[in-house]
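Trainee: Got a structure here, written out as structure tokens. Questions coming.
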Amino acid sequence: MSDGIGRTFERFNRERPRLEQTVDELKEALGRYDGVALYGAGSSGIALLLALRRAGIFPLCFADGAPGKWGTEVMGLEVVPPEELARRFGANILVVVCINTDGQTYCRSFDEALRQGGHSGVYERLRGCGCMNVVDYIALRRCFALFRGDNTGNLPSCPDVDCLVEHRENIERVYERLGDGQSREIYANILTFRLFGEGPEIQTLSQEEKYFPRELFALSDEEHFVDCGAFDGQTLRDLLARTGGRIGAWYALEPDASNYERLERFAAQLPEELREKITLSPCAVWSGESDIPLCALHGPGSFAAPYGGTRVRATMIDKLLDGRRATAVKMNIEGSELAALRGAEETIRRWHPKLMIAGYHKTWDFWEVPELMLEAGYSVYLRSYMHHLSFVFYGLPADGGA
């Protein structure tokens with residue numbers, strides 16, 4: 001097994017007492033403030049709210065920059081304009097910014113985070129509203145117990161470190177089997193960040209290449225593309241830009257009703273010859289056919305969760321295609337990737353499509369997503385498009401694919 005990966009785990013085991021903060025210590029640190037407010041009523045904000053509640057910490061409210069959310073409730077918590085925070089709760093509250101950051105500044109303590117700042121535009125707005133105590137949610141990551149179980153949603157900067165340690169052998173095996181040295185370097189550096197909250201710089205792709213890295217594979221003008229988590233059609237826009245505006249077929253799945261309306265409007269504006277090649281489905285992608293609860297955010301980040309307030313239809317890729325050809329499958333579906341891959345086993349076995357699968361939403365995706373791809377006979381590569389935070393595993397079939 002990899003000596004480098006092993007040394008990283010051994011170093012973590014030695015340094016853990018220095019790195020880790022207990023729940024009681026976190027509560028003591030938070031006790032300096034007159035309450036906690038969460039900025040960002042999206043998937044990360046919901047995840048942190050649930051983690052804090054499990055630990056007996058109860059935030060005052062959400063704040064959000066989107067006026068459409070003001071006056072609503074998310075998970076039973078009111079969403080207020082940022083301008084109301086200090087007026088309603090006083091200047092001595094702590095505002096935790098729940099926006100996934102690219103992690104270019106890492107802070108080991110509240111005090112350091114308060115000095116250094118984070119999302120400049122958000123911080124400036126909050127401080128202009130009288131909120132002087134502002135930190136990014138990553139400042140809480142040292143309380144490992146807070147994120148144990150990793151079952152609350154999308155907090156990729158705060159993994160379940162005990163789960164990582166428990167699955168050291170899986171991680172080492174994946175590392176050894178990744179397809180090139182760059183993949184192994186990125187994998188090792190992401191692991192270092194997840195254990196220590198800091199690490200080497202990670203080479204990143206542009207957003208335009210996150211599903212289509214030119215160095216790994218070429219695209220034809222006859223791709224039969226399955227787009228899981230199609231949102232508003234951006235992936236198809238990127239695909240068409242690479243293929244001269246031509247495709248073989250596009251199967252787009254999007255369960256959030258607001259996003260699906262945007263997807264339909266986008267598809268309706270396409271030339272007729274393209275529209276004839278498009279299949280839109282208002283479904284989540286899953287391992288079976290059922291109704292599942294969705295936490296619908298009416299924008300990026302909607303995710304399946306037991307506490308989701310919207311029931312949506314879920315389908316399998318195998319059922320959707322019903323034997324039809326697939327040359328590429330993309331998944332960025334907020335933690336449902338493993339279930340969706342299991343519902344595509346027949347398609348993968350028959351057609352050997354290129355796979356582009358996000359691997360960062362759940363701690364265990366870090367090894368279980370590439371393991372499934374490796375078991376299916378794929379060569380697996382890893383590239384990042386937001387440093388340690390957002391990355392994609394690419395599966396390339398040994399036989400060249402469909």
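In the structure tokens, each chain is lettered A, B, ... as it comes, each chain's residues begin at 1, and ligands are numbered from 1 in order of appearance.
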Need to verify the contact set: Ala305 (chain A), 6 Å, only C-alpha atoms, exclusion of same-chain residues closer than 2 positions in sequence. Can you return it as a ChimeraX atom specification?
Mentor: /A:293-294,307-308
Trainee: DSSP says alpha helix (DSSP H) for which residues of region 243-381 of chain A? Put them as JSON, numbers by chain?
Mentor: {"A": [243, 257, 258, 259, 260, 261, 262, 263, 264, 265, 266, 267, 268, 272, 273, 274, 275, 317, 318, 319, 320, 321, 337, 338, 339, 340, 341, 342, 345, 346, 347, 348, 349, 350, 351, 365, 366, 367, 368, 369, 370, 371, 372, 373, 374, 375]}
Trainee: Find the residues near Glu223 (chain A): any atom within 10 Å, counting only C-alpha atoms, skip ones fewer than 2 places away on the same chain, and give them as an MDAnalysis selection string.
Mentor: chainID A and resid 219:221 225:226 239 243 246:250 325:328 353 402
Trainee: Out of A:Glu273, A:Asp180, A:Asp136, A:Glu289, which residue has the shortest atom-to-atom distance to Leu48 (chain A) when counting only C-alpha atoms?
Mentor: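 Smallest separation from Leu48 (chain A) among the options: A:Asp136.
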Trainee: Show which residues sit within 9 Å of Cys163 (chain A), as a PyMOL selection string. Count only C-alpha atoms, and ignore same-chain residues fewer than 4 positions away.
Mentor: chain A and resi 148-150+159+167-168+363-364
Trainee: Within 10 Å of Gly35 (chain A), counting only C-alpha atoms, which residues show up once you throw out same-chain ones fewer than 5 positions away? Write them as number ranges by chain, please.
Mentor: A: 30, 57-61, 89-90, 92-95
Trainee: Write the residues you've just listed into a file as a PDB file, in the first residue's frame, and include N, CA, C and O atoms for each of them.
Mentor:
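Generated file (part.pdb):
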```pdb
ATOM      1  N   LEU A  30     -18.547  29.250  21.588  1.00  0.00           N
ATOM      2  CA  LEU A  30     -19.740  29.944  21.113  1.00  0.00           C
ATOM      3  C   LEU A  30     -20.404  30.754  22.211  1.00  0.00           C
ATOM      4  O   LEU A  30     -21.137  31.712  21.932  1.00  0.00           O
ATOM      5  N   ILE A  57     -26.885  22.676  20.007  1.00  0.00           N
ATOM      6  CA  ILE A  57     -26.614  24.084  19.698  1.00  0.00           C
ATOM      7  C   ILE A  57     -27.712  24.538  18.736  1.00  0.00           C
ATOM      8  O   ILE A  57     -27.910  23.936  17.680  1.00  0.00           O
ATOM      9  N   PHE A  58     -28.419  25.619  19.092  1.00  0.00           N
ATOM     10  CA  PHE A  58     -29.616  25.993  18.361  1.00  0.00           C
ATOM     11  C   PHE A  58     -29.483  27.413  17.811  1.00  0.00           C
ATOM     12  O   PHE A  58     -29.641  28.390  18.536  1.00  0.00           O
ATOM     13  N   PRO A  59     -29.170  27.535  16.511  1.00  0.00           N
ATOM     14  CA  PRO A  59     -29.035  28.852  15.902  1.00  0.00           C
ATOM     15  C   PRO A  59     -30.310  29.679  15.987  1.00  0.00           C
ATOM     16  O   PRO A  59     -31.425  29.149  16.075  1.00  0.00           O
ATOM     17  N   LEU A  60     -30.133  30.987  15.914  1.00  0.00           N
ATOM     18  CA  LEU A  60     -31.238  31.929  16.036  1.00  0.00           C
ATOM     19  C   LEU A  60     -32.086  31.981  14.776  1.00  0.00           C
ATOM     20  O   LEU A  60     -33.323  32.082  14.845  1.00  0.00           O
ATOM     21  N   CYS A  61     -31.430  31.974  13.628  1.00  0.00           N
ATOM     22  CA  CYS A  61     -32.132  32.156  12.366  1.00  0.00           C
ATOM     23  C   CYS A  61     -31.165  31.892  11.221  1.00  0.00           C
ATOM     24  O   CYS A  61     -29.959  31.741  11.429  1.00  0.00           O
ATOM     25  N   PHE A  89     -30.926  40.993  16.979  1.00  0.00           N
ATOM     26  CA  PHE A  89     -30.234  40.121  17.934  1.00  0.00           C
ATOM     27  C   PHE A  89     -29.029  40.768  18.589  1.00  0.00           C
ATOM     28  O   PHE A  89     -28.406  40.160  19.469  1.00  0.00           O
ATOM     29  N   GLY A  90     -28.664  41.981  18.175  1.00  0.00           N
ATOM     30  CA  GLY A  90     -27.514  42.661  18.750  1.00  0.00           C
ATOM     31  C   GLY A  90     -26.249  42.412  17.964  1.00  0.00           C
ATOM     32  O   GLY A  90     -26.148  41.463  17.169  1.00  0.00           O
ATOM     33  N   ASN A  92     -23.393  41.435  19.024  1.00  0.00           N
ATOM     34  CA  ASN A  92     -22.506  40.394  19.548  1.00  0.00           C
ATOM     35  C   ASN A  92     -22.972  38.990  19.189  1.00  0.00           C
ATOM     36  O   ASN A  92     -22.725  38.035  19.928  1.00  0.00           O
ATOM     37  N   ILE A  93     -23.644  38.841  18.064  1.00  0.00           N
ATOM     38  CA  ILE A  93     -23.929  37.493  17.597  1.00  0.00           C
ATOM     39  C   ILE A  93     -22.781  37.036  16.690  1.00  0.00           C
ATOM     40  O   ILE A  93     -22.031  37.855  16.157  1.00  0.00           O
ATOM     41  N   LEU A  94     -22.671  35.725  16.531  1.00  0.00           N
ATOM     42  CA  LEU A  94     -21.717  35.147  15.591  1.00  0.00           C
ATOM     43  C   LEU A  94     -22.476  34.730  14.346  1.00  0.00           C
ATOM     44  O   LEU A  94     -23.457  33.991  14.428  1.00  0.00           O
ATOM     45  N   VAL A  95     -22.035  35.209  13.204  1.00  0.00           N
ATOM     46  CA  VAL A  95     -22.638  34.809  11.929  1.00  0.00           C
ATOM     47  C   VAL A  95     -21.710  33.813  11.246  1.00  0.00           C
ATOM     48  O   VAL A  95     -20.539  34.125  10.985  1.00  0.00           O
TER      49      VAL A  95
END
```
Trainee: Taking only C-alpha atoms into account, name the residue in A:Glu208, A:Glu254, A:Asp64, A:Glu276 that is nearest to Arg237 (chain A).
Mentor: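 Nearest candidate to Arg237 (chain A) out of A:Glu208, A:Glu254, A:Asp64, A:Glu276: A:Glu208.
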Trainee: From the options A:Lys362, A:Arg177, A:His298, A:Arg324, which residue's atoms come nearest to Ile348 (chain A), counting only C-alpha atoms?
Mentor: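 Once distances to Ile348 (chain A) are computed over only C-alpha atoms, the minimum belongs to A:Arg324.
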Trainee: Give the answer as one residue: which of A:Cys295, A:Leu341, A:Cys143, A:Met386 has the shortest atom-to-atom distance to Ala29 (chain A), using only C-alpha atoms?
Mentor: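 Checking each candidate against Ala29 (chain A), we get A:Cys143 as the closest.
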Trainee: Measuring atom to atom with only C-alpha atoms, identify which of A:Thr72, A:Ser44, A:Ser290, A:Thr347 is nearest to Asp318 (chain A).
Mentor: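 Checking each candidate against Asp318 (chain A), we get A:Thr347 as the closest.
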Trainee: Find the residues around Lys330 (chain A) up to 7 Å (only C-alpha atoms counted), leave out those fewer than 2 positions away in its own chain, and share them as an mmCIF file with C-alpha atoms, in the first residue's frame.
Mentor:
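Contents of the output file around.cif:
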```cif
data_model
loop_
_atom_site.group_PDB
_atom_site.id
_atom_site.type_symbol
_atom_site.label_atom_id
_atom_site.label_comp_id
_atom_site.auth_asym_id
_atom_site.auth_seq_id
_atom_site.Cartn_x
_atom_site.Cartn_y
_atom_site.Cartn_z
ATOM 1 C CA VAL A 226 -27.092 11.106 -19.740
ATOM 2 C CA ASP A 227 -27.140 14.277 -17.630
ATOM 3 C CA CYS A 228 -28.062 13.541 -13.996
ATOM 4 C CA ALA A 328 -21.391 9.305 -21.445
ATOM 5 C CA ASN A 332 -23.556 15.748 -9.802
ATOM 6 C CA LEU A 355 -18.391 8.313 -16.534
ATOM 7 C CA MET A 356 -18.078 11.748 -14.916
ATOM 8 C CA ILE A 357 -19.123 11.360 -11.289
#
```
Trainee: Could you state the separation of CA of Arg18 (chain A) and CA of Leu191 (chain A) in Å, given to one decimal place?
Mentor: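 According to the coordinates, CA of Arg18 (chain A) and CA of Leu191 (chain A) are separated by 18.2 Å.
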Trainee: Find the residues around Arg184 (chain A) up to 9 Å (only C-alpha atoms counted), leave out those fewer than 6 positions away in its own chain, and share them as a tab-separated table (two decimals) with N, CA, C and O atoms, in the first residue's frame.
Mentor:
```
chain	number	residue	atom	x	y	z
A	174	VAL	N	-7.72	2.57	-3.45
A	174	VAL	CA	-8.14	3.46	-4.53
A	174	VAL	C	-6.95	4.28	-5.02
A	174	VAL	O	-6.72	4.42	-6.23
A	175	TYR	N	-6.18	4.82	-4.09
A	175	TYR	CA	-5.01	5.62	-4.45
A	175	TYR	C	-4.09	4.84	-5.38
A	175	TYR	O	-3.64	5.36	-6.41
A	176	GLU	N	-3.81	3.61	-5.04
A	176	GLU	CA	-2.88	2.81	-5.83
A	176	GLU	C	-3.42	2.53	-7.23
A	176	GLU	O	-2.64	2.36	-8.18
A	177	ARG	N	-4.74	2.50	-7.39
A	177	ARG	CA	-5.32	2.08	-8.67
A	177	ARG	C	-5.76	3.26	-9.54
A	177	ARG	O	-6.27	3.03	-10.64
A	178	LEU	N	-5.60	4.48	-9.07
A	178	LEU	CA	-5.95	5.62	-9.91
A	178	LEU	C	-5.08	5.66	-11.16
A	178	LEU	O	-3.93	5.20	-11.15
A	381	TYR	N	-9.75	8.26	-13.13
A	381	TYR	CA	-8.92	9.46	-13.00
A	381	TYR	C	-9.66	10.46	-12.10
A	381	TYR	O	-10.89	10.41	-11.97
A	382	LEU	N	-8.90	11.36	-11.52
A	382	LEU	CA	-9.47	12.36	-10.62
A	382	LEU	C	-8.95	13.73	-11.02
A	382	LEU	O	-7.75	13.91	-11.22
```
Trainee: Restricting the calculation to only C-alpha atoms, which member of A:Lys27, A:Arg173, A:Arg125, A:Arg14 is positioned closest to Leu374 (chain A)?
Mentor: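 Counting only C-alpha atoms, the residue closest to Leu374 (chain A) is A:Arg173.
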Trainee: Just list the residues in region 156-353 of chain A DSSP gives strand (DSSP E) on the backbone, as a PyMOL selection string.
Mentor: chain A and resi 224-228+249-253+278-281+284-285+290-295+303-304+310-315+328-331
Trainee: How would the residues just chosen look if you wrote them out with C-alpha atoms as an mmCIF file, in the first residue's frame?
Mentor:
```
data_model
loop_
_atom_site.group_PDB
_atom_site.id
_atom_site.type_symbol
_atom_site.label_atom_id
_atom_site.label_comp_id
_atom_site.auth_asym_id
_atom_site.auth_seq_id
_atom_site.Cartn_x
_atom_site.Cartn_y
_atom_site.Cartn_z
ATOM 1 C CA HIS A 224 -25.480 9.907 -26.280
ATOM 2 C CA PHE A 225 -25.271 11.803 -23.039
ATOM 3 C CA VAL A 226 -27.092 11.106 -19.740
ATOM 4 C CA ASP A 227 -27.140 14.277 -17.630
ATOM 5 C CA CYS A 228 -28.062 13.541 -13.996
ATOM 6 C CA ALA A 249 -28.965 12.207 -27.853
ATOM 7 C CA TRP A 250 -29.324 13.998 -24.517
ATOM 8 C CA TYR A 251 -31.224 12.540 -21.580
ATOM 9 C CA ALA A 252 -31.650 15.192 -18.884
ATOM 10 C CA LEU A 253 -32.963 14.430 -15.385
ATOM 11 C CA ILE A 278 -33.578 15.553 -26.274
ATOM 12 C CA THR A 279 -35.474 13.679 -23.562
ATOM 13 C CA LEU A 280 -36.319 15.636 -20.409
ATOM 14 C CA SER A 281 -37.389 13.886 -17.209
ATOM 15 C CA ALA A 284 -34.394 12.140 -9.389
ATOM 16 C CA VAL A 285 -31.868 9.445 -10.300
ATOM 17 C CA SER A 290 -39.982 4.999 -6.190
ATOM 18 C CA ASP A 291 -41.027 8.304 -4.687
ATOM 19 C CA ILE A 292 -38.340 9.906 -2.513
ATOM 20 C CA PRO A 293 -38.208 13.045 -0.321
ATOM 21 C CA LEU A 294 -36.333 15.967 -1.856
ATOM 22 C CA CYS A 295 -35.054 19.074 -0.138
ATOM 23 C CA PHE A 303 -30.810 17.030 -2.571
ATOM 24 C CA ALA A 304 -32.581 13.862 -1.468
ATOM 25 C CA THR A 310 -41.167 17.538 -1.438
ATOM 26 C CA ARG A 311 -41.932 14.081 -2.787
ATOM 27 C CA VAL A 312 -40.506 13.458 -6.245
ATOM 28 C CA ARG A 313 -40.417 10.532 -8.603
ATOM 29 C CA ALA A 314 -37.109 8.683 -8.737
ATOM 30 C CA THR A 315 -36.037 6.491 -11.604
ATOM 31 C CA ALA A 328 -21.391 9.305 -21.445
ATOM 32 C CA VAL A 329 -23.004 9.630 -18.004
ATOM 33 C CA LYS A 330 -22.532 12.700 -15.819
ATOM 34 C CA MET A 331 -23.670 12.817 -12.187
#
```
Trainee: Could you jot down the CA of Leu85 (chain A) to CA of Gly130 (chain A) separation for me, Å, one decimal place?
Mentor: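 We find that CA of Leu85 (chain A) and CA of Gly130 (chain A) lie 8.0 Å from each other.
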